[in-house]
Each structure stands twice: as structure tokens, then as C-alpha cells.
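As provided, protein.txt (compact mmCIF, C-alpha atoms and all ligand atoms) reads as follows.
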# COMPACT_ATOMS: atom_id res chain seq x y z
CA SER A 1 109.98 -77.90 -70.19
CA ILE A 2 110.57 -74.35 -69.01
CA PRO A 3 112.08 -72.13 -71.71
CA LEU A 4 115.60 -70.95 -70.82
CA THR A 5 114.46 -67.37 -71.29
CA PHE A 6 112.48 -67.70 -68.07
CA PHE A 7 115.69 -68.44 -66.17
CA ALA A 8 117.29 -65.42 -67.82
CA GLY A 9 114.25 -63.36 -66.83
CA ILE A 10 114.31 -64.50 -63.21
CA GLY A 11 118.07 -63.89 -63.14
CA GLY A 12 117.66 -60.43 -64.65
CA ALA A 13 114.95 -59.57 -62.15
CA SER A 14 117.12 -60.75 -59.24
CA ARG A 15 119.96 -58.52 -60.44
CA ALA A 16 117.45 -55.64 -60.32
CA GLY A 17 116.71 -56.56 -56.69
CA VAL A 18 113.48 -58.42 -57.44
CA LEU A 19 113.04 -62.03 -56.33
CA VAL A 20 110.43 -63.76 -58.56
CA LYS A 21 109.31 -67.07 -57.02
CA GLY A 22 108.57 -68.89 -60.30
CA SER A 23 108.33 -68.49 -64.06
CA ASN A 24 104.52 -68.34 -63.89
CA TYR A 25 104.85 -65.03 -62.02
CA LEU A 26 107.08 -63.65 -64.76
CA ASP A 27 104.29 -64.40 -67.23
CA ALA A 28 101.74 -62.88 -64.84
CA LEU A 29 103.81 -59.73 -64.28
CA SER A 30 103.89 -59.12 -68.03
CA ARG A 31 100.07 -58.95 -67.97
CA SER A 32 99.67 -56.66 -64.94
CA LYS A 33 96.82 -54.20 -65.18
CA ILE A 34 95.93 -52.98 -61.67
CA VAL A 35 98.48 -52.18 -58.96
CA VAL A 36 97.24 -51.93 -55.37
CA MET A 37 99.65 -50.68 -52.72
CA ASP A 38 99.78 -50.38 -48.98
CA LYS A 39 100.80 -46.94 -47.69
CA THR A 40 102.93 -47.35 -44.58
CA GLY A 41 106.28 -48.98 -45.32
CA THR A 42 105.45 -49.45 -49.00
CA LEU A 43 104.99 -45.95 -50.44
CA THR A 44 106.20 -44.20 -47.27
CA LYS A 45 109.31 -44.98 -45.26
CA GLY A 46 107.38 -46.33 -42.27
CA VAL A 47 109.70 -44.40 -39.97
CA PHE A 48 107.60 -41.84 -38.15
CA GLU A 49 108.89 -38.72 -36.47
CA VAL A 50 107.11 -37.30 -33.45
CA THR A 51 106.05 -33.75 -34.30
CA LYS A 52 103.95 -32.96 -31.21
CA VAL A 53 103.13 -34.33 -27.78
CA GLN A 54 99.86 -33.02 -26.35
CA ALA A 55 99.43 -34.25 -22.78
CA VAL A 56 96.19 -33.92 -20.79
CA ASP A 57 96.35 -34.11 -16.95
CA ILE A 58 99.78 -35.75 -17.10
CA SER A 59 103.27 -34.56 -18.04
CA GLU A 60 104.51 -34.93 -21.62
CA GLU A 61 107.35 -37.12 -20.37
CA GLU A 62 104.94 -39.41 -18.54
CA LEU A 63 102.65 -39.63 -21.58
CA LEU A 64 105.56 -40.68 -23.81
CA GLU A 65 106.79 -43.15 -21.20
CA MET A 66 103.38 -44.84 -20.68
CA THR A 67 102.97 -44.99 -24.48
CA ALA A 68 106.40 -46.51 -25.10
CA MET A 69 105.81 -49.06 -22.33
CA ALA A 70 102.41 -50.09 -23.71
CA GLU A 71 104.08 -50.48 -27.13
CA ALA A 72 106.98 -52.51 -25.68
CA PHE A 73 106.11 -55.76 -27.46
CA SER A 74 104.70 -54.42 -30.75
CA ASN A 75 106.72 -54.55 -33.94
CA HIS A 76 104.46 -52.15 -35.87
CA PRO A 77 106.33 -49.27 -37.57
CA ILE A 78 104.33 -46.81 -35.45
CA SER A 79 105.33 -48.64 -32.29
CA ARG A 80 109.00 -48.73 -33.24
CA SER A 81 108.91 -44.99 -33.93
CA LEU A 82 107.21 -44.15 -30.63
CA LYS A 83 109.81 -46.18 -28.69
CA GLU A 84 112.59 -44.50 -30.64
CA ALA A 85 111.15 -41.09 -29.73
CA TYR A 86 110.99 -42.06 -26.04
CA GLY A 87 114.62 -43.08 -26.35
CA LYS A 88 115.06 -44.81 -22.99
CA PRO A 89 115.26 -48.50 -22.17
CA ILE A 90 111.94 -50.04 -21.16
CA ASP A 91 111.58 -52.25 -18.09
CA THR A 92 109.33 -54.87 -19.65
CA SER A 93 108.76 -56.57 -16.28
CA LEU A 94 106.30 -53.72 -15.58
CA VAL A 95 104.28 -54.51 -18.73
CA SER A 96 101.72 -57.33 -18.89
CA ASP A 97 98.42 -58.39 -20.53
CA VAL A 98 99.48 -56.99 -23.88
CA GLU A 99 96.94 -57.00 -26.70
CA GLU A 100 97.64 -55.73 -30.20
CA ILE A 101 94.40 -54.81 -31.95
CA SER A 102 95.14 -54.72 -35.68
CA GLY A 103 94.14 -51.50 -37.40
CA HIS A 104 93.46 -49.92 -34.01
CA GLY A 105 96.47 -49.96 -31.68
CA VAL A 106 97.58 -51.64 -28.46
CA LYS A 107 96.35 -52.25 -24.94
CA ALA A 108 98.62 -53.21 -22.03
CA ASN A 109 98.85 -53.22 -18.29
CA VAL A 110 101.67 -50.86 -17.33
CA SER A 111 102.58 -50.76 -13.62
CA GLY A 112 99.00 -51.73 -12.75
CA LYS A 113 97.34 -49.22 -15.08
CA VAL A 114 95.46 -50.09 -18.26
CA VAL A 115 97.07 -48.13 -21.08
CA GLN A 116 95.41 -47.95 -24.49
CA VAL A 117 97.30 -46.41 -27.42
CA GLY A 118 95.94 -46.02 -30.93
CA ASN A 119 93.66 -44.22 -33.33
CA GLU A 120 90.22 -42.65 -33.02
CA LYS A 121 88.61 -46.00 -33.87
CA LEU A 122 90.26 -47.52 -30.79
CA MET A 123 89.18 -44.64 -28.56
CA ASN A 124 85.60 -44.86 -29.88
CA SER A 125 85.56 -48.59 -29.17
CA ILE A 126 86.36 -47.97 -25.50
CA GLY A 127 83.96 -45.06 -25.17
CA VAL A 128 86.60 -42.34 -24.95
CA GLN A 129 85.70 -39.12 -26.74
CA VAL A 130 88.42 -37.38 -28.75
CA GLU A 131 88.55 -34.00 -30.42
CA ASP A 132 89.21 -33.58 -34.12
CA ILE A 133 92.91 -32.85 -34.54
CA VAL A 134 93.47 -30.49 -37.46
CA GLU A 135 97.27 -30.64 -37.63
CA PRO A 136 98.67 -32.80 -40.44
CA GLY A 137 99.97 -36.22 -39.48
CA THR A 138 98.93 -39.48 -37.89
CA VAL A 139 97.33 -38.98 -34.47
CA ILE A 140 98.06 -41.54 -31.77
CA HIS A 141 95.68 -41.14 -28.83
CA VAL A 142 96.36 -42.37 -25.30
CA ALA A 143 93.88 -43.42 -22.62
CA ILE A 144 94.91 -44.59 -19.15
CA ASP A 145 92.40 -46.49 -17.02
CA GLY A 146 89.70 -45.42 -19.46
CA LYS A 147 90.46 -41.70 -19.18
CA TYR A 148 91.80 -39.59 -22.05
CA HIS A 149 95.37 -38.34 -21.53
CA GLY A 150 96.25 -36.73 -24.85
CA TYR A 151 97.85 -37.58 -28.15
CA ILE A 152 101.14 -37.90 -29.94
CA LEU A 153 101.31 -36.56 -33.47
CA ILE A 154 103.62 -38.48 -35.76
CA SER A 155 104.51 -38.08 -39.40
CA ASP A 156 106.01 -40.29 -42.06
CA MET A 157 107.78 -39.42 -45.32
CA LEU A 158 107.37 -40.66 -48.88
CA LYS A 159 110.09 -43.04 -50.04
CA GLU A 160 112.55 -41.45 -52.42
CA HIS A 161 111.31 -43.32 -55.50
CA SER A 162 107.56 -43.58 -54.82
CA LYS A 163 106.57 -40.83 -57.24
CA GLU A 164 108.83 -42.23 -59.95
CA ALA A 165 107.28 -45.66 -59.34
CA ILE A 166 103.73 -44.36 -59.98
CA ILE A 167 104.83 -42.55 -63.14
CA GLY A 168 106.66 -45.70 -64.27
CA LEU A 169 103.62 -47.90 -63.66
CA LYS A 170 101.48 -45.62 -65.84
CA ARG A 171 104.11 -45.77 -68.60
CA ALA A 172 104.19 -49.56 -68.28
CA GLY A 173 100.48 -49.63 -69.16
CA ILE A 174 98.98 -50.05 -65.70
CA SER A 175 95.43 -48.73 -65.96
CA LYS A 176 94.79 -48.19 -62.27
CA THR A 177 96.96 -47.44 -59.22
CA VAL A 178 95.26 -47.80 -55.84
CA MET A 179 96.47 -47.15 -52.29
CA LEU A 180 94.93 -48.93 -49.30
CA THR A 181 95.66 -47.90 -45.73
CA GLY A 182 94.52 -48.24 -42.16
CA ASP A 183 95.63 -44.68 -41.53
CA SER A 184 93.25 -41.69 -41.51
CA LYS A 185 91.60 -40.32 -44.64
CA LYS A 186 93.33 -36.97 -44.04
CA VAL A 187 96.83 -38.46 -44.24
CA ALA A 188 95.90 -40.87 -47.06
CA ASP A 189 94.45 -38.10 -49.27
CA LEU A 190 97.62 -36.02 -48.91
CA VAL A 191 99.84 -38.93 -49.96
CA ALA A 192 97.54 -39.92 -52.84
CA ALA A 193 97.44 -36.38 -54.20
CA ASP A 194 101.21 -36.05 -53.90
CA LEU A 195 101.79 -39.27 -55.83
CA GLY A 196 98.98 -38.89 -58.39
CA LEU A 197 97.27 -42.17 -57.48
CA ASP A 198 94.01 -43.07 -59.23
CA GLU A 199 92.20 -44.28 -56.14
CA VAL A 200 92.64 -44.24 -52.38
CA CYS A 201 90.84 -46.06 -49.55
CA ALA A 202 91.61 -45.15 -45.94
CA GLU A 203 90.72 -46.26 -42.40
CA LEU A 204 90.60 -49.89 -43.54
CA LEU A 205 90.95 -52.91 -41.28
CA PRO A 206 93.04 -55.83 -42.66
CA GLY A 207 89.82 -57.63 -43.70
CA ASP A 208 88.58 -54.52 -45.54
CA LYS A 209 91.76 -54.58 -47.62
CA VAL A 210 90.90 -58.11 -48.78
CA SER A 211 87.33 -57.04 -49.69
CA LYS A 212 88.61 -54.05 -51.63
CA VAL A 213 91.05 -56.24 -53.58
CA GLU A 214 88.20 -58.67 -54.34
CA GLU A 215 86.12 -55.75 -55.62
CA LEU A 216 88.96 -54.69 -57.92
CA LEU A 217 89.57 -58.27 -59.11
CA ALA A 218 85.98 -58.30 -60.37
CA THR A 219 86.63 -55.27 -62.63
CA LYS A 220 89.21 -56.97 -64.88
CA THR A 221 89.46 -59.96 -67.22
CA ASP A 222 91.06 -63.26 -66.13
CA LYS A 223 94.09 -62.60 -68.31
CA GLU A 224 94.73 -59.17 -66.76
CA GLN A 225 96.61 -59.32 -63.48
CA LEU A 226 96.17 -57.48 -60.19
CA ILE A 227 99.33 -56.84 -58.16
CA PHE A 228 99.27 -56.06 -54.45
CA VAL A 229 102.43 -54.53 -52.96
CA GLY A 230 102.72 -54.46 -49.16
CA ASP A 231 105.25 -54.25 -46.35
CA GLY A 232 103.85 -57.07 -44.36
CA ILE A 233 102.31 -56.34 -41.00
CA ASN A 234 98.73 -57.70 -41.41
CA ASP A 235 99.20 -57.96 -45.17
CA ALA A 236 99.54 -61.73 -45.59
CA PRO A 237 95.81 -62.35 -46.40
CA VAL A 238 95.67 -59.64 -49.05
CA LEU A 239 99.04 -60.75 -50.51
CA SER A 240 97.60 -64.23 -51.07
CA ARG A 241 94.31 -62.92 -52.50
CA ALA A 242 95.92 -60.79 -55.23
CA ASP A 243 96.97 -62.40 -58.53
CA ILE A 244 100.54 -61.36 -57.73
CA GLY A 245 101.53 -60.60 -54.13
CA VAL A 246 104.62 -58.44 -53.77
CA ALA A 247 106.34 -57.99 -50.39
CA MET A 248 109.11 -55.74 -49.16
CA GLY A 249 112.16 -57.86 -48.43
CA ALA A 250 114.06 -55.73 -45.95
CA LEU A 251 111.31 -54.09 -43.88
CA GLY A 252 108.71 -56.77 -44.54
CA SER A 253 107.56 -59.33 -42.01
CA ASP A 254 108.52 -63.01 -42.44
CA ALA A 255 104.85 -63.92 -42.90
CA ALA A 256 104.55 -61.48 -45.79
CA ILE A 257 107.75 -62.65 -47.49
CA GLU A 258 106.45 -66.22 -47.18
CA ALA A 259 103.00 -65.33 -48.58
CA ALA A 260 104.40 -63.26 -51.45
CA ASP A 261 105.02 -64.35 -55.05
CA VAL A 262 107.56 -61.60 -55.64
CA VAL A 263 109.90 -59.93 -53.12
CA LEU A 264 111.47 -56.49 -53.55
CA MET A 265 114.83 -56.94 -51.84
CA ASP A 266 115.59 -53.22 -51.55
CA ASP A 267 112.08 -52.14 -50.45
CA ASP A 268 112.02 -49.77 -53.41
CA PRO A 269 108.54 -49.53 -55.01
CA SER A 270 110.07 -48.52 -58.34
CA SER A 271 111.68 -51.98 -58.55
CA ILE A 272 108.25 -53.36 -59.41
CA VAL A 273 108.35 -51.21 -62.57
CA LYS A 274 111.70 -52.80 -63.46
CA ALA A 275 110.28 -56.26 -62.84
CA ILE A 276 107.31 -55.58 -65.15
CA GLY A 277 109.74 -54.32 -67.82
CA ILE A 278 111.90 -57.43 -67.57
CA SER A 279 108.84 -59.71 -67.63
CA LYS A 280 107.51 -58.10 -70.81
CA LYS A 281 110.86 -58.37 -72.55
CA CYS A 282 111.11 -61.99 -71.49
CA MET A 283 107.60 -62.90 -72.71
CA ARG A 284 108.28 -61.27 -76.10
CA ILE A 285 111.24 -63.61 -76.51
CA VAL A 286 109.35 -66.70 -75.36
CA TYR A 287 106.40 -66.21 -77.73
P1 LIG B 1 98.61 -49.44 -42.66
O1 LIG B 1 97.49 -49.78 -43.55
O2 LIG B 1 99.03 -48.03 -42.83
O3 LIG B 1 99.74 -50.42 -42.73
P2 LIG B 1 97.70 -50.59 -40.08
O4 LIG B 1 96.50 -51.38 -40.48
O5 LIG B 1 98.90 -51.36 -39.68
O6 LIG B 1 98.02 -49.48 -41.17
O7 LIG B 1 97.30 -49.62 -38.89
C1 LIG B 1 96.24 -48.70 -39.06
C2 LIG B 1 96.20 -47.70 -37.96
O8 LIG B 1 96.01 -48.36 -36.70
C3 LIG B 1 97.46 -46.88 -37.80
O9 LIG B 1 97.49 -45.77 -38.65
C4 LIG B 1 97.34 -46.47 -36.33
O10 LIG B 1 96.45 -45.39 -36.20
C5 LIG B 1 96.71 -47.68 -35.69
N1 LIG B 1 97.73 -48.59 -35.14
C6 LIG B 1 98.08 -49.82 -35.60
N2 LIG B 1 99.03 -50.39 -34.85
C7 LIG B 1 99.33 -49.49 -33.88
C8 LIG B 1 100.23 -49.47 -32.76
N3 LIG B 1 101.06 -50.49 -32.50
N4 LIG B 1 100.22 -48.38 -31.97
C9 LIG B 1 99.40 -47.35 -32.22
N5 LIG B 1 98.54 -47.30 -33.23
C10 LIG B 1 98.49 -48.34 -34.06
MG MG B 2 100.76 -52.19 -42.88
Have the structure of the file written as C-alpha cells, please.
Amino acid sequence: SIPLTFFAGIGGASRAGVLVKGSNYLDALSRSKIVVMDKTGTLTKGVFEVTKVQAVDISEEELLEMTAMAEAFSNHPISRSLKEAYGKPIDTSLVSDVEEISGHGVKANVSGKVVQVGNEKLMNSIGVQVEDIVEPGTVIHVAIDGKYHGYILISDMLKEHSKEAIIGLKRAGISKTVMLTGDSKKVADLVAADLGLDEVCAELLPGDKVSKVEELLATKTDKEQLIFVGDGINDAPVLSRADIGVAMGALGSDAAIEAADVVLMDDDPSSIVKAIGISKKCMRIVY
């Protein structure tokens, strides 16, 4: 039978905003050793502000409009932010043949033109040359009918409790904190330095995140646990691969919440520290 303490532990965790999907995960949490986190939406707010629009052979307004239209059907945090910045309703009847290329961006037919919006990787894949942008932030490039038309610079902010979460994890005995992201190395290094993370891997495709987690799994004993914390979009495979998959409950995608073993209801990364604390207390009482 399941000791009553487990119910108390799961109840205590839920009062701290952490949904633990079974007593086995309480036991696992108490043995966590490595914590791997996604950047966008997990450590950062995932709400990007447009800081610059650099249009080439097109007006800034038109560049923003074509971008927002191409992004019409995407639910990615970057897409939501670009549409918010455009600020006008989108006539979706003008948008067709939409393709979302994970870790790259989107492609769509907008009023008969092929609009491609995304990172340098996407531009390289379609043979469009881009310059190195030195300004800080995430660069979203735009090509229309295969021709470069400029970029939109966007920037995200750390969540209020991200730094506290990393400090708390260290205090809780976590030996390694790692951040994985599909964003550029430039942005990732800034965030990692700010937060004092042990390791950072950038410009990863969803499959690369799984490989990286597998690499880290091989560095620990069976008893020690690896936690992955993610916000969802494209994260379901890596959430399942980790010993303990943790998803954001409010911002997170349904697929991620489904694939996760633990859900942070308030999207606060420091709640995972609370959950580890509760799990340890609970396991001390059980044994
Ligand atoms: P993360 O690991 O930060 O969650 P993703 O794998 O979701 O990142 O995306 C990686 C990168 O791919 C983004 O930083 C962005 O450059 C590009 N990208 C992804 N989706 C979109 C989109 N809808 N529009 C534009 N760019 C996108
Ligand atoms: Mg993501």
C-alpha cells in the first residue's frame, strides 16, 4: 500500500502550485541531481518585445504586416509577440500553404507571395544570405519570394524568480544546471551568465535536445534523477526522455502537460525548488 505520507506530500506540493502525477515522482524528485531547462517560456517570460524593425526594399509597416500574416496560424511565443507588435487584425483568408518548421520559423503564402520568417538557419536553408546582426536580442529574418527583406529584432525578459530558482537548486544539492535552447548562442550565453548556469547549449533543434538529455543521463547513476523543465512547444519528446519531465501549466502546451510527470501551475521555475524540498521531507518521514 502507498504510505499516507505520500498523499500528504502530493497535497503539500499542490498547495505550493506543483502538480505531482504520482507518488513515484515524489520519490524521484527527492533524488534529483541534474536539472535541464528550456530557455524561452521556462526561464524567460516568453513574451518578446520588438526593439527594432530593419526593412530592406520594403516599408517597415509592410515588413511587419507580411511577417504577422505569415505567422497567423503559429502559436509559438515568438509568433504571438510579432502579431501583438503588428497590432492589427489579420485577414487569414489571404494566408495559405502554411508550414511551421520547428527550430527554424514559418513559411506561408501571403496574398500570392511566399513569405519565410525565422532565424539564420532558416535563411541558410533557402539560400538567402544574411549579415551578422550585432545588436542584442533574437533576430527574426524575413524573405519574400526568396529575396531578403530585413529583420525584426525582438527581446525577452527573465522571469522574476529564475535567478532565485537556480540559487535554490544549488542549495537543494543539484550538481548541474543546464539550459537548452533553439535560440542563438549570443542570446543564450547572456541568459546563462546572468543566471549562473553550469552549462548552456544553443541553436538546438528539438531532436538535439533529446540527444543532449541522453548524453547527460549517461553521466549519472540510476538512482540519481535528471529533471527536464520546459514550456511545451516541441518539448514533449524531451519531457518523456528525462527521468522527471516538468511542464509549465499556464503557458505550456496541452501536449507538454500530458507528457509531463510534474506540472508547475504558476509557471514559476522556483516552484520546482519547493517541490524538491517537499519531496525530501516526505521521503525522510517514509523511511
Ligand atoms: P526554444 O528552445 O527557445 O523554445 P524553439 O526551438 O521553439 O526555441 O525555436 C528556436 C528558434 O527558431 C527561435 O529562437 C526562432 O529563431 C526560430 N523560430 C521558431 N519558431 C518560430 C516562429 N514561429 N517564427 C519565427 N521564428 C521562429
Ligand atoms: Mg520552446
Tell me, in Å to one decimal, how far CA of Lys52 (chain A) is from CA of Ser81 (chain A).
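Taking CA of Lys52 (chain A) as the start and CA of Ser81 (chain A) as the end point, the length is 13.3 Å.
Every protein or nucleic acid residue with an atom no more than 12 Å from region 49-51 of chain A, counting only C-alpha atoms and leaving out same-chain residues fewer than 6 positions away, appears here: Leu64, Pro77, Ile78, Ser79, Arg80, Ser81, Leu82, Lys83, Glu84, Ala85, Tyr86, Gly87, Glu135, Pro136, Gly137, Thr138, Val139, Ile140, Tyr151, Ile152, Leu153, Ile154, Ser155, Asp156 and Met157 of chain A.
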Who sits within 9 Å of Gly146 (chain A), only C-alpha atoms, same chain under 6 positions skipped, as a count of residues only:
6
Please, what distance in Å, to one decimal, runs between CA of Asn75 (chain A) and CA of Ala236 (chain A)?
15.5 Å
Please identify every residue of chain A that has at least one atom no farther than 6 Å from an atom of ligand LIG 1 (chain B), counting all atoms listed in the file, and for each give the shortest atom pair and the distance in Å to one decimal, arranged by chain then increasing number, as JSON lines.
{"residue": "A:Asp38", "atom": "CA", "partner": "B:LIG1", "partner_atom": "O1", "distance": 5.9}
{"residue": "A:Lys39", "atom": "CA", "partner": "B:LIG1", "partner_atom": "O2", "distance": 5.3}
{"residue": "A:Thr40", "atom": "CA", "partner": "B:LIG1", "partner_atom": "O2", "distance": 4.3}
{"residue": "A:Ser74", "atom": "CA", "partner": "B:LIG1", "partner_atom": "N3", "distance": 5.6}
{"residue": "A:His76", "atom": "CA", "partner": "B:LIG1", "partner_atom": "N3", "distance": 5.1}
{"residue": "A:Ile78", "atom": "CA", "partner": "B:LIG1", "partner_atom": "C8", "distance": 5.6}
{"residue": "A:Ser79", "atom": "CA", "partner": "B:LIG1", "partner_atom": "N3", "distance": 4.7}
{"residue": "A:Ser102", "atom": "CA", "partner": "B:LIG1", "partner_atom": "C6", "distance": 5.7}
{"residue": "A:Gly103", "atom": "CA", "partner": "B:LIG1", "partner_atom": "O8", "distance": 3.7}
{"residue": "A:His104", "atom": "CA", "partner": "B:LIG1", "partner_atom": "O8", "distance": 4.0}
{"residue": "A:Gly105", "atom": "CA", "partner": "B:LIG1", "partner_atom": "C10", "distance": 3.5}
{"residue": "A:Val106", "atom": "CA", "partner": "B:LIG1", "partner_atom": "N3", "distance": 5.5}
{"residue": "A:Val117", "atom": "CA", "partner": "B:LIG1", "partner_atom": "C9", "distance": 5.3}
{"residue": "A:Gly118", "atom": "CA", "partner": "B:LIG1", "partner_atom": "N5", "distance": 3.7}
{"residue": "A:Asn119", "atom": "CA", "partner": "B:LIG1", "partner_atom": "O10", "distance": 4.2}
{"residue": "A:Ile140", "atom": "CA", "partner": "B:LIG1", "partner_atom": "N5", "distance": 6.0}
{"residue": "A:Thr181", "atom": "CA", "partner": "B:LIG1", "partner_atom": "O1", "distance": 3.4}
{"residue": "A:Gly182", "atom": "CA", "partner": "B:LIG1", "partner_atom": "C1", "distance": 3.6}
{"residue": "A:Asp183", "atom": "CA", "partner": "B:LIG1", "partner_atom": "O9", "distance": 3.6}
{"residue": "A:Leu205", "atom": "CA", "partner": "B:LIG1", "partner_atom": "O4", "distance": 5.8}
Per residue of chain A within 7 Å of ligand MG 2 (chain B), note the shortest atom pair and the distance in Å to one decimal, counting all atoms listed in the file, and order the rows by chain and increasing residue number, as a Markdown table.
| residue | atom | partner | partner_atom | distance |
| --- | --- | --- | --- | --- |
| A:Asp38 | CA | B:MG2 | MG | 6.4 |
| A:Thr40 | CA | B:MG2 | MG | 5.6 |
| A:Gly41 | CA | B:MG2 | MG | 6.8 |
| A:Gly230 | CA | B:MG2 | MG | 7.0 |
| A:Asp231 | CA | B:MG2 | MG | 6.0 |
| A:Gly232 | CA | B:MG2 | MG | 6.0 |
| A:Ile233 | CA | B:MG2 | MG | 4.8 |
| A:Asn234 | CA | B:MG2 | MG | 6.1 |
| A:Asp235 | CA | B:MG2 | MG | 6.4 |
Would you pick out the contacts of Leu180 (chain A) at 8 Å or less, using all atoms listed in the file, so that residues sharing its chain but fewer than 3 positions from it are not included, and give the list as a PDB file with C-alpha atoms, in the frame of the given file?
ATOM      1  CA  VAL A  36      97.240 -51.930 -55.370  1.00  0.00           C
ATOM      2  CA  MET A  37      99.650 -50.680 -52.720  1.00  0.00           C
ATOM      3  CA  ASP A  38      99.780 -50.380 -48.980  1.00  0.00           C
ATOM      4  CA  LYS A  39     100.800 -46.940 -47.690  1.00  0.00           C
ATOM      5  CA  VAL A 200      92.640 -44.240 -52.380  1.00  0.00           C
ATOM      6  CA  CYS A 201      90.840 -46.060 -49.550  1.00  0.00           C
ATOM      7  CA  ALA A 202      91.610 -45.150 -45.940  1.00  0.00           C
ATOM      8  CA  LEU A 204      90.600 -49.890 -43.540  1.00  0.00           C
ATOM      9  CA  LYS A 209      91.760 -54.580 -47.620  1.00  0.00           C
TER      10      LYS A 209
END
What gap, in Å, lies between CA of Gly173 (chain A) and CA of Lys33 (chain A)?
7.1 Å
Of the candidates A:Leu29, A:Val263, A:Val142, A:Val238, which one gets nearest to Ser279 (chain A) if we count all atoms listed in the file?
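Looking at the shortest contact to Ser279 (chain A), the residue is A:Leu29.
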Would you mind telling me which residue in A:Thr5, A:Ala250, A:Ser96, A:Leu195 lies nearest to Ser162 (chain A) when using all atoms listed in the file?
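Comparing A:Thr5, A:Ala250, A:Ser96, A:Leu195 against Ser162 (chain A), the winner is A:Leu195.
With all atoms listed in the file as the atoms that count, the minimum distance from Ser32 (chain A) to the choices A:Gly245, A:Gly150, A:Pro269, A:Gly9 is reached by A:Gly245.
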Given only C-alpha atoms as the counted atoms, nearest of A:His149, A:Lys176, A:Lys212, A:Lys113 to Ile34 (chain A):
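Distance minimum relative to Ile34 (chain A) lands on A:Lys176.
Distance annotation: of A:Glu61, A:Asp261, A:Asp194, A:Glu214, the residue with the minimal separation from Leu19 (chain A) is A:Asp261; atom set is only C-alpha atoms.
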Skip Glu224 (chain A) itself and residues of its chain fewer than 4 positions away, then list as a list in words all residues within 12 Å of it, counting only C-alpha atoms.
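The filter keeps Asp27, Ala28, Leu29, Ser30, Arg31, Ser32, Lys33, Ile34, Val35, Gly173, Ile174, Ser175, Lys176, Leu216, Leu217, Ala218, Thr219, Lys220, Ala242, Asp243 and Ile244 of chain A.
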Show me, as a PyMOL selection string, the residues that have an atom within 10 Å of Ile90 (chain A) when counting only C-alpha atoms, minus same-chain residues fewer than 6 positions from it.
chain A and resi 65+68-72+83
Kindly indicate which residue among A:Pro89, A:Ile58, A:Lys21, A:Val187 lies nearest to Ala259 (chain A), using all atoms listed in the file for the distances.
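Closest residue, counting all atoms listed in the file: A:Lys21.
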